[in-house]
Each structure stands twice: as structure tokens, then as C-alpha cells.
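Okay, structure-v5.cif is below, mmCIF, C-alpha atoms and all ligand atoms:
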```
data_work
loop_
_atom_site.label_atom_id
_atom_site.label_comp_id
_atom_site.auth_asym_id
_atom_site.auth_seq_id
_atom_site.Cartn_x
_atom_site.Cartn_y
_atom_site.Cartn_z
CA MET A 1 0.00 0.00 0.00
CA ALA A 2 1.36 3.42 -0.96
CA ASP A 3 2.36 5.78 1.81
CA ILE A 4 -0.35 8.42 2.18
CA THR A 5 1.96 11.20 1.09
CA ASP A 6 3.46 9.39 -1.90
CA TYR A 7 1.65 11.06 -4.76
CA GLU A 8 3.88 9.40 -7.36
CA ALA A 9 2.75 5.89 -6.38
CA GLN A 10 0.38 4.17 -8.80
CA ALA A 11 -2.00 3.17 -6.01
CA ARG A 12 -2.30 6.84 -5.03
CA ALA A 13 -3.12 7.82 -8.62
CA ALA A 14 -5.78 5.10 -8.73
CA MET A 15 -7.25 6.44 -5.49
CA TYR A 16 -7.45 10.04 -6.77
CA LEU A 17 -8.64 9.16 -10.28
CA THR A 18 -11.45 7.09 -8.78
CA ALA A 19 -12.38 9.80 -6.24
CA GLU A 20 -12.14 12.78 -8.60
CA TRP A 21 -13.47 11.25 -11.83
CA GLY A 22 -15.73 8.41 -10.65
CA ASP A 23 -18.75 9.99 -12.38
CA TYR A 24 -16.93 9.73 -15.73
CA LEU A 25 -15.60 6.26 -14.89
CA PRO A 26 -18.73 4.57 -13.54
CA GLN A 27 -17.12 1.15 -13.29
CA ALA A 28 -14.04 2.50 -11.56
CA ASN A 29 -14.81 1.15 -8.13
CA PRO A 30 -17.83 -1.13 -7.70
CA MET A 31 -17.36 -1.18 -3.92
CA MET A 32 -17.75 2.60 -3.86
CA ALA A 33 -20.98 2.33 -5.81
CA SER A 34 -22.47 -0.24 -3.43
CA TRP A 35 -21.80 0.01 0.31
CA LEU A 36 -20.15 3.42 0.42
CA SER A 37 -22.86 5.27 -1.47
CA ARG A 38 -25.46 4.06 1.04
CA ILE A 39 -23.49 5.78 3.80
CA VAL A 40 -22.10 8.96 2.24
CA GLY A 41 -23.86 9.22 -1.13
CA SER A 42 -22.33 8.71 -4.53
CA HIS A 43 -19.09 10.49 -5.41
CA PRO A 44 -18.58 12.22 -2.05
CA THR A 45 -15.19 13.67 -3.05
CA ILE A 46 -16.73 15.38 -6.08
CA GLN A 47 -19.43 16.74 -3.77
CA PHE A 48 -16.64 18.26 -1.67
CA TYR A 49 -15.20 20.18 -4.67
CA ARG A 50 -18.68 21.47 -5.50
CA GLU A 51 -19.24 22.66 -1.93
CA VAL A 52 -15.89 24.46 -1.96
CA THR A 53 -16.72 26.09 -5.32
CA ALA A 54 -20.08 27.27 -3.95
CA PHE A 55 -18.40 28.58 -0.77
CA ALA A 56 -15.88 30.73 -2.67
CA GLY A 57 -18.19 31.55 -5.62
CA PRO A 58 -19.66 34.79 -4.23
CA TYR A 59 -16.14 36.24 -3.97
CA MET A 60 -15.08 35.37 -7.52
CA LYS A 61 -15.68 37.58 -10.54
CA GLU A 62 -15.17 37.98 -14.26
CA GLY A 63 -11.52 38.25 -15.27
CA ASP A 64 -10.08 36.83 -12.03
CA ALA A 65 -6.76 34.98 -12.09
CA VAL A 66 -7.31 31.77 -10.11
CA LEU A 67 -4.78 29.36 -8.61
CA ASP A 68 -5.36 25.89 -7.15
CA ILE A 69 -2.42 24.69 -5.03
CA GLY A 70 -2.14 20.88 -4.88
CA SER A 71 -4.55 20.49 -7.80
CA ALA A 72 -4.08 16.67 -7.91
CA THR A 73 -5.78 15.25 -11.05
CA GLY A 74 -7.70 18.46 -11.64
CA ARG A 75 -11.30 18.06 -10.46
CA LEU A 76 -11.55 21.44 -8.71
CA LEU A 77 -10.22 23.15 -11.85
CA PHE A 78 -12.93 21.38 -13.85
CA GLU A 79 -15.66 22.47 -11.40
CA LEU A 80 -14.35 26.05 -11.63
CA SER A 81 -14.25 25.84 -15.45
CA LYS A 82 -18.02 25.25 -15.44
CA SER A 83 -18.57 28.71 -13.95
CA PRO A 84 -20.48 31.14 -16.18
CA VAL A 85 -17.73 33.60 -15.24
CA SER A 86 -14.72 33.78 -17.60
CA PHE A 87 -11.53 33.79 -15.61
CA SER A 88 -8.41 35.45 -17.02
CA SER A 89 -6.54 32.28 -16.04
CA LEU A 90 -7.07 29.04 -14.11
CA THR A 91 -3.78 27.57 -12.93
CA GLY A 92 -3.09 24.35 -11.05
CA CYS A 93 0.20 24.06 -9.15
CA GLU A 94 0.91 20.40 -8.39
CA LEU A 95 4.02 18.80 -6.95
CA SER A 96 3.44 15.31 -8.32
CA LYS A 97 4.48 14.76 -11.95
CA GLN A 98 2.15 11.81 -12.21
CA PHE A 99 -0.87 13.83 -11.01
CA SER A 100 0.07 16.76 -13.28
CA ASP A 101 0.25 14.44 -16.29
CA TYR A 102 -3.18 13.02 -15.50
CA ALA A 103 -4.65 16.50 -15.05
CA ARG A 104 -3.20 17.62 -18.40
CA ALA A 105 -4.48 14.51 -20.16
CA ILE A 106 -7.99 14.82 -18.66
CA LEU A 107 -8.50 18.59 -18.73
CA LEU A 108 -6.42 19.61 -21.74
CA GLY A 109 -6.34 16.42 -23.80
CA GLU A 110 -2.54 16.47 -23.90
CA ARG A 111 -1.13 13.32 -25.37
CA PRO A 112 -0.19 11.18 -22.42
CA HIS A 113 3.26 9.66 -22.25
CA LYS A 114 3.52 5.89 -22.16
CA ASP A 115 2.96 5.56 -18.39
CA ILE A 116 -0.38 7.32 -18.46
CA CYS A 117 -3.04 4.67 -18.49
CA LEU A 118 -6.28 4.37 -16.58
CA LEU A 119 -5.53 3.31 -13.03
CA THR A 120 -8.46 2.35 -10.87
CA ASP A 121 -8.89 0.47 -7.69
CA SER A 122 -11.30 -2.37 -7.18
CA HIS A 123 -11.34 -4.49 -4.02
CA SER A 124 -7.80 -3.20 -3.35
CA VAL A 125 -6.56 -4.60 -6.63
CA LEU A 126 -4.98 -2.13 -9.02
CA GLN A 127 -6.59 -2.20 -12.46
CA VAL A 128 -4.52 -0.92 -15.36
CA GLU A 129 -6.27 -0.14 -18.63
CA ALA A 130 -5.73 2.06 -21.66
CA PHE A 131 -6.39 5.73 -20.94
CA PRO A 132 -10.02 6.41 -21.97
CA TYR A 133 -9.77 9.60 -24.05
CA ALA A 134 -13.32 9.47 -25.29
CA VAL A 135 -14.97 9.59 -21.85
CA PHE A 136 -13.18 12.84 -21.00
CA ALA A 137 -14.23 14.67 -24.19
CA PRO A 138 -17.01 16.61 -22.36
CA VAL A 139 -14.49 17.62 -19.68
CA ARG A 140 -12.07 18.93 -22.30
CA ASP A 141 -14.87 20.85 -24.02
CA VAL A 142 -15.76 22.65 -20.78
CA CYS A 143 -12.12 23.38 -19.92
CA ALA A 144 -11.48 24.76 -23.41
CA THR A 145 -13.76 27.69 -22.49
CA GLN A 146 -11.20 28.87 -19.90
CA ARG A 147 -7.47 29.62 -20.03
CA LEU A 148 -6.34 26.62 -18.02
CA SER A 149 -2.82 25.40 -17.30
CA ILE A 150 -1.07 22.98 -14.95
CA VAL A 151 2.32 23.80 -13.46
CA ASN A 152 4.21 20.79 -12.13
CA GLU A 153 6.09 22.54 -9.34
CA ASN A 154 6.48 22.70 -5.59
CA ILE A 155 4.45 25.62 -4.24
CA ASP A 156 7.57 26.70 -2.30
CA ALA A 157 9.32 27.36 -5.65
CA PHE A 158 6.20 28.74 -7.31
CA VAL A 159 5.80 31.56 -4.74
CA LYS A 160 9.26 32.82 -5.62
CA LYS A 161 7.96 33.85 -9.07
CA ARG A 162 6.02 36.60 -7.25
CA LYS A 163 2.83 36.16 -9.28
CA LYS A 164 -0.42 37.40 -7.75
CA PHE A 165 -3.85 35.78 -8.03
CA ASP A 166 -7.36 37.04 -7.29
CA THR A 167 -8.47 33.71 -5.85
CA VAL A 168 -6.15 31.09 -4.41
CA PHE A 169 -7.43 27.65 -3.39
CA CYS A 170 -5.37 25.51 -1.05
CA LEU A 171 -7.33 22.36 -0.24
CA ASN A 172 -5.90 19.63 1.97
CA VAL A 173 -2.30 20.64 1.41
CA ILE A 174 -1.43 22.47 4.65
CA ASP A 175 -1.26 19.25 6.68
CA ARG A 176 0.83 17.65 3.91
CA HIS A 177 3.49 20.38 3.99
CA PRO A 178 6.75 20.24 6.02
CA SER A 179 5.99 23.66 7.51
CA PRO A 180 2.30 24.60 7.62
CA LYS A 181 3.16 27.93 9.27
CA SER A 182 5.62 28.99 6.57
CA LEU A 183 3.18 27.85 3.85
CA ALA A 184 0.41 29.95 5.42
CA LYS A 185 2.79 32.93 5.44
CA ALA A 186 3.84 32.33 1.81
CA LEU A 187 0.19 32.23 0.71
CA ARG A 188 -0.10 35.90 1.69
CA SER A 189 2.32 36.82 -1.11
CA LEU A 190 0.22 34.98 -3.73
CA VAL A 191 -3.08 36.73 -3.05
CA SER A 192 -3.68 40.18 -4.57
CA PRO A 193 -4.69 42.91 -2.07
CA SER A 194 -8.38 42.67 -3.03
CA GLY A 195 -8.18 38.89 -3.60
CA VAL A 196 -9.33 35.91 -1.59
CA LEU A 197 -7.71 32.79 -0.19
CA CYS A 198 -9.92 29.72 0.14
CA VAL A 199 -8.24 27.19 2.39
CA VAL A 200 -9.44 23.80 3.61
CA CYS A 201 -7.60 21.76 6.21
CA SER A 202 -8.42 18.42 7.81
CA PHE A 203 -5.70 18.71 10.46
CA ASP A 204 -4.55 15.17 9.75
CA TRP A 205 -1.16 15.26 11.45
CA ARG A 206 -0.59 11.48 11.47
CA THR A 207 1.86 11.73 8.60
CA ASN A 208 4.46 13.52 10.74
CA ILE A 209 5.69 15.44 7.70
CA SER A 210 5.86 18.52 9.88
CA SER A 211 7.19 18.85 13.40
CA LYS A 212 4.79 18.55 16.33
CA LYS A 213 5.02 22.23 17.22
CA GLU A 214 3.46 23.06 13.84
CA HIS A 215 0.38 20.90 14.49
CA VAL A 216 -2.47 23.38 14.97
CA GLU A 217 -6.15 22.52 15.31
CA SER A 218 -7.78 25.62 13.81
CA LEU A 219 -7.25 27.86 10.79
CA ASP A 220 -7.23 30.80 13.25
CA ASP A 221 -3.84 29.54 14.45
CA LEU A 222 -2.39 29.90 10.92
CA PHE A 223 -4.25 32.89 9.49
CA ASP A 224 -4.14 35.53 12.22
CA CYS A 225 -5.99 38.83 12.06
CA SER A 226 -2.82 40.94 11.73
CA SER A 227 -2.19 39.41 8.29
CA TRP A 228 -5.65 38.27 7.17
CA THR A 229 -9.24 39.47 7.34
CA ARG A 230 -11.54 36.51 7.89
CA LEU A 231 -14.53 36.59 5.52
CA ALA A 232 -16.16 33.25 6.34
CA VAL A 233 -15.46 29.92 8.01
CA LYS A 234 -17.44 26.69 7.77
CA GLU A 235 -17.04 22.95 8.14
CA ILE A 236 -17.08 20.84 5.00
CA ASP A 237 -16.92 17.05 4.87
CA TYR A 238 -14.01 15.65 2.89
CA VAL A 239 -14.54 11.96 2.13
CA ILE A 240 -12.09 9.99 0.01
CA ALA A 241 -11.94 6.24 -0.47
CA GLN A 242 -8.48 4.80 -0.15
CA HIS A 243 -9.69 1.62 -1.83
CA GLY A 244 -12.82 -0.45 -1.95
CA HIS A 245 -12.62 -1.43 1.74
CA HIS A 246 -11.27 1.72 3.35
CA VAL A 247 -12.55 5.27 3.42
CA HIS A 248 -11.15 8.44 5.01
CA ALA A 249 -13.83 10.81 6.24
CA TYR A 250 -12.76 14.19 7.58
CA ARG A 251 -14.73 17.08 9.03
CA ALA A 252 -12.53 19.72 7.45
CA GLN A 253 -12.43 23.40 8.28
CA ALA A 254 -12.83 25.75 5.34
CA GLY A 255 -11.98 29.44 5.50
CA LEU A 256 -12.10 32.45 3.21
CA PHE A 257 -9.52 35.12 3.98
CA ARG A 258 -8.47 38.44 2.43
CA PRO A 259 -5.04 39.98 3.01
CA ALA A 260 -5.36 42.50 5.83
CA PRO A 261 -4.88 46.11 4.67
C1 LIG B 1 -4.23 15.44 0.16
S1 LIG B 1 -3.97 15.82 -1.55
C2 LIG B 1 -5.29 16.98 -1.85
C3 LIG B 1 -5.66 17.10 -3.29
C4 LIG B 1 -6.80 18.09 -3.59
N1 LIG B 1 -6.38 19.46 -3.34
C5 LIG B 1 -7.99 17.75 -2.76
O1 LIG B 1 -8.34 18.50 -1.85
O2 LIG B 1 -8.59 16.69 -3.02
C6 LIG B 1 -2.54 16.88 -1.50
C7 LIG B 1 -2.13 17.33 -2.91
O3 LIG B 1 -1.19 18.39 -2.78
C8 LIG B 1 -0.04 18.09 -3.53
N2 LIG B 1 1.09 18.73 -2.84
C9 LIG B 1 1.65 18.34 -1.66
N3 LIG B 1 2.65 19.16 -1.33
C10 LIG B 1 2.73 20.11 -2.33
C11 LIG B 1 3.60 21.21 -2.58
N4 LIG B 1 4.59 21.50 -1.72
N5 LIG B 1 3.42 21.95 -3.70
C12 LIG B 1 2.41 21.63 -4.58
N6 LIG B 1 1.57 20.58 -4.40
C13 LIG B 1 1.72 19.83 -3.29
C14 LIG B 1 0.03 16.57 -3.56
O4 LIG B 1 0.84 16.08 -4.62
C15 LIG B 1 -1.45 16.24 -3.70
O5 LIG B 1 -1.88 16.29 -5.03
#
```
Let me see the file written as C-alpha cells.
Ligand SMILES: C[S@@+](CC[C@H](N)C(=O)[O-])C[C@H]1O[C@@H](n2cnc3c(N)ncnc32)[C@H](O)[C@@H]1O
Amino acid sequence: MADITDYEAQARAAMYLTAEWGDYLPQANPMMASWLSRIVGSHPTIQFYREVTAFAGPYMKEGDAVLDIGSATGRLLFELSKSPVSFSSLTGCELSKQFSDYARAILLGERPHKDICLLTDSHSVLQVEAFPYAVFAPVRDVCATQRLSIVNENIDAFVKKRKKFDTVFCLNVIDRHPSPKSLAKALRSLVSPSGVLCVVCSFDWRTNISSKKEHVESLDDLFDCSSWTRLAVKEIDYVIAQHGHHVHAYRAQAGLFRPAP
């Protein structure tokens, strides 16, 4: 079983492809469709991205430059692409090369290199099939209406380019970063003065990627009022199946913040 922070492992790609694109890959995980849907509904991870989009939606407007940090295989970018609003750009910044390649193949129709196949997970057995271009045609059509790109880079390097965005999403990355406090500080430099940061954290510190003294239990501990104006906070459920027998369910905290004047 892949380590839960190893986003280059094939089992991890199968997990995210199933969670993010299960509605386009209906046979991806029969276990998900049977017992899990009775408990948490069908496609709970996709539901999460839709809730986040609705949460931030009132603060987004025509012509905004939008960034998704840790964009995985691209589902949030797809949900944002469906907006009637035309963004000036939609950018995903993703550390994993494998995830970036999948996002580019699914959202942009880029020709996948030889390792890109369809990876799904059924009863904890990895299924490897040819990449199904045809099923993602409607996704590509929607994404073609926006200026979308995927940058395969560590956010720590990306911030050094000093680009500013009107809306920055950072979902479930803070507790996967070696220094949540320094990441929170760096996010300030990415958000334009009138822009908005949408952050979601599940406070899952079991990975021990960061030191214990960085393990906070509230977004207030990372986004203090001297640097950020809090616009809204709510709890959103983040449910993701690890495989057909094992599901992670988090009550995550979501916050919308604006850089303090
Ligand atoms: C727990 S997953 C969350 C994925 C997605 N944002 C979501 O909420 O479903 C963490 C993602 O962040 C990416 N990631 C982790 N550290 C990163 C970093 N330093 N820079 C950019 N992406 C990172 C991982 O590769 C992975 O895709």
C-alpha cells in the first residue's frame, strides 16, 4: 500500500482518479458504488469540490486569475471551469508529476506519455487499462472555455515567481506540507490585495511530515488577524476512499480570507 503522502505511487493515482473522476468512470470502483454510497452518497469527493466552489463563488468575478495549489488530477479546476464567469486564467500548481500528467491529459487532452493509463482500484486490486480519451471529451470541451494550465512545481518554488492571483485555493495541502506555518505565510504573497484565499484543512497530522510544534487545530492559528481578514469559516466534509474497503472521512475546516490592509 502506498504511503499516504506518496503522490507518485500508482495506487495513489488510482485512489485520486477514482475519487475525482468516478462519475466519468462509472465502473471505476464497484465497492464505492455499493456500500459506500449508502453511507455517504455517490461520489462524495466530487461533492466536496462542488461545496468548496459554492463557498468561494460569491467572492469570484469575471476576469479573475485563479490558482489551485495541490490540484491533484484536476477536479476542482474542472468544477471552476463550469462557472459562467470567464476567468483570465485558471492555474493548477501540483508537486506530483504523475498527477500533473493526468490532469493535463484529462482537462487539456494532452497526449499522455507511455505511463499514463487508466488506473483504478477495485477491491484493493490495481486495475490498469488504456487511458479512456473518449470519456473525458465533455471535460475537455468545458475546460477549453477557460485559459487553463497545470504547473508541475512545488508551491515553495512557485511563490518565488512573485505572481499574484485574485483567488487562491489551497485544499488539503497544509497538513501535507513540512511547515504549515511557513506555507500559510507564503500564501499571503500569492493573493492580490483585493483577492481571496480559500483554504481547507483536515488537520490530519498522522503523517508527521511537519514537526509537532506546527500541528495546529484551527485555521485561526495559521491565518491571524494581523495578516488576514476573515470573511467566512465553515465545516465541509471531505470523504475519500483509499480503496474499496477503506474510506477516510474528515470534518474539514474551510476558510475564506483576504489579506489585511
Ligand atoms: C491530500 S492531496 C489533496 C488534493 C486536492 N487538493 C484535494 O483536496 O482533493 C494533496 C495534494 O497536494 C499536492 N502537494 C503536496 N505538497 C505540495 C507542494 N509543496 N506543492 C504543490 N503541491 C503539493 C500533492 O501532490 C497532492 O496532489
Discussion item. Residues within 10 Å of (-11.4, 34.5, 2.2), file coordinates, counting all atoms listed in the file: what are they? Give the list as a PyMOL selection string.
Written reply: chain A and resi 55-56+59+167-169+195-199+228-233+254-259
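Interatomic distance, atom CA of A:Leu25 to atom CA of A:Phe131: 11.0 Å.
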Considering only C-alpha atoms and all ligand atoms, tabulate each residue of chain A that lies at most 7 Å from ligand LIG 1 (chain B) along with its nearest interatomic pair and the corresponding distance in Å to one decimal; arrange the rows by chain and ascending residue number and present them as a tab-separated table.
```
residue	atom	partner	partner_atom	distance
A:Tyr7	CA	B:LIG1	O4	5.1
A:Ile69	CA	B:LIG1	C12	5.7
A:Gly70	CA	B:LIG1	O3	3.4
A:Ser71	CA	B:LIG1	N1	4.9
A:Ala72	CA	B:LIG1	O5	3.6
A:Cys93	CA	B:LIG1	C12	5.6
A:Glu94	CA	B:LIG1	N6	4.0
A:Leu95	CA	B:LIG1	N6	4.0
A:Ser96	CA	B:LIG1	O4	4.6
A:Phe99	CA	B:LIG1	O5	6.5
A:Glu153	CA	B:LIG1	C12	6.1
A:Asn154	CA	B:LIG1	N5	3.7
A:Ile155	CA	B:LIG1	N5	3.8
A:Asp156	CA	B:LIG1	N4	6.0
A:Cys170	CA	B:LIG1	N1	6.5
A:Leu171	CA	B:LIG1	O1	4.3
A:Asn172	CA	B:LIG1	O1	4.7
A:Val173	CA	B:LIG1	C6	4.8
A:Arg176	CA	B:LIG1	C9	5.7
A:His177	CA	B:LIG1	N3	5.5
```
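Computed from the coordinates, the atom CA of A:Ala137 to atom CA of A:Leu118 distance equals 15.1 Å.
With all atoms listed in the file taken into account, the protein and nucleic acid residues at most 10 Å from A:Phe78 (excluding it and anything under 2 positions from it in its own chain) are Tyr49, Thr73, Gly74, Arg75, Leu76, Leu80, Ser81, Lys82, Ser83, Leu90, Ala103, Ile106, Leu107, Val139, Arg140, Val142, Cys143, Gln146 and Leu148 of chain A.
Using only C-alpha atoms for every distance, the candidate list A:Val151, A:Pro193, A:Glu217, A:Gly22 yields A:Glu217 as the residue closest to A:Pro180.
The spacing separating atom CA of A:Asp64 from atom CA of A:Asp221 amounts to 28.2 Å.
With all atoms listed in the file as the atoms that count, the residue of A:Ser88, A:Asp166, A:Arg251, A:Asp141 with the shortest distance to A:Leu108 is A:Asp141.
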Fill in: Test item: residues at most 7 Å from A:Ile150, all atoms listed in the file, excluding those fewer than 3 positions along its chain, as a ChimeraX atom specification
/A:91-93,100,104
Practice prompt. Compute the distance from (-17.6, 21.3, 6.5) to each atom, counting all atoms listed in the file, keep the residues with any atom at most 12 Å away, and return them as number ranges by chain; use the coordinates of the file.
Written response: A: 47-49, 51-52, 55, 199-202, 233-239, 249-255
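Counting all atoms listed in the file, the residue from A:Leu222, A:His248, A:Gly63, A:Ser179 that sits nearest to A:Asn208 is A:Ser179.
With distances restricted to all atoms listed in the file, A:Tyr102 is the closest residue to A:Glu8 from A:Ala260, A:Tyr102, A:Ser210, A:Ser149.
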Practice prompt. Can you pull out every residue within 8 Å of stretch 240-242 of chain A, counting all atoms listed in the file, but drop anything in the same chain fewer than 3 positions away, and send it as a ChimeraX atom specification?
Written response: /A:15,19,32,44-45,245-249
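Taking all atoms listed in the file into account, A:Lys163 lies nearest to A:Val66 out of the set A:Pro132, A:Phe87, A:Asp101, A:Val66.
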Discussion item. Env of A:Val159: 9 Å cut, atoms = all atoms listed in the file, seq-sep filter 6 positions within chain, self excluded. Answer as number ranges by chain.
Written reply: A: 186-187, 189-190
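With only C-alpha atoms as the atoms that count, the residue of A:Met60, A:Gly41, A:Thr207, A:Phe136 with the shortest distance to A:Gly109 is A:Phe136.
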Give me the box for stretch 34-45 of chain A as AutoDock Vina command-line options, namely the centre and edge lengths in Å to one decimal of a box along x, y and z that holds every listed atom plus 8 Å on each side.
```
--center_x -20.3 --center_y 6.7 --center_z -0.8 --size_x 26.3 --size_y 29.9 --size_z 25.2
```
Got a sec: who's within 12 Å of A:Arg206, counting all atoms listed in the file, leaving out chain neighbours fewer than 2 positions off, as a PDB file with C-alpha atoms, in the coordinates of the input?
```pdb
ATOM      1  CA  ASP A   3       2.360   5.780   1.810  1.00  0.00           C
ATOM      2  CA  ILE A   4      -0.350   8.420   2.180  1.00  0.00           C
ATOM      3  CA  THR A   5       1.960  11.200   1.090  1.00  0.00           C
ATOM      4  CA  ASP A 175      -1.260  19.250   6.680  1.00  0.00           C
ATOM      5  CA  ARG A 176       0.830  17.650   3.910  1.00  0.00           C
ATOM      6  CA  SER A 202      -8.420  18.420   7.810  1.00  0.00           C
ATOM      7  CA  PHE A 203      -5.700  18.710  10.460  1.00  0.00           C
ATOM      8  CA  ASP A 204      -4.550  15.170   9.750  1.00  0.00           C
ATOM      9  CA  ASN A 208       4.460  13.520  10.740  1.00  0.00           C
ATOM     10  CA  ILE A 209       5.690  15.440   7.700  1.00  0.00           C
ATOM     11  CA  SER A 210       5.860  18.520   9.880  1.00  0.00           C
ATOM     12  CA  SER A 211       7.190  18.850  13.400  1.00  0.00           C
ATOM     13  CA  LYS A 212       4.790  18.550  16.330  1.00  0.00           C
ATOM     14  CA  HIS A 215       0.380  20.900  14.490  1.00  0.00           C
TER      15      HIS A 215
END
```
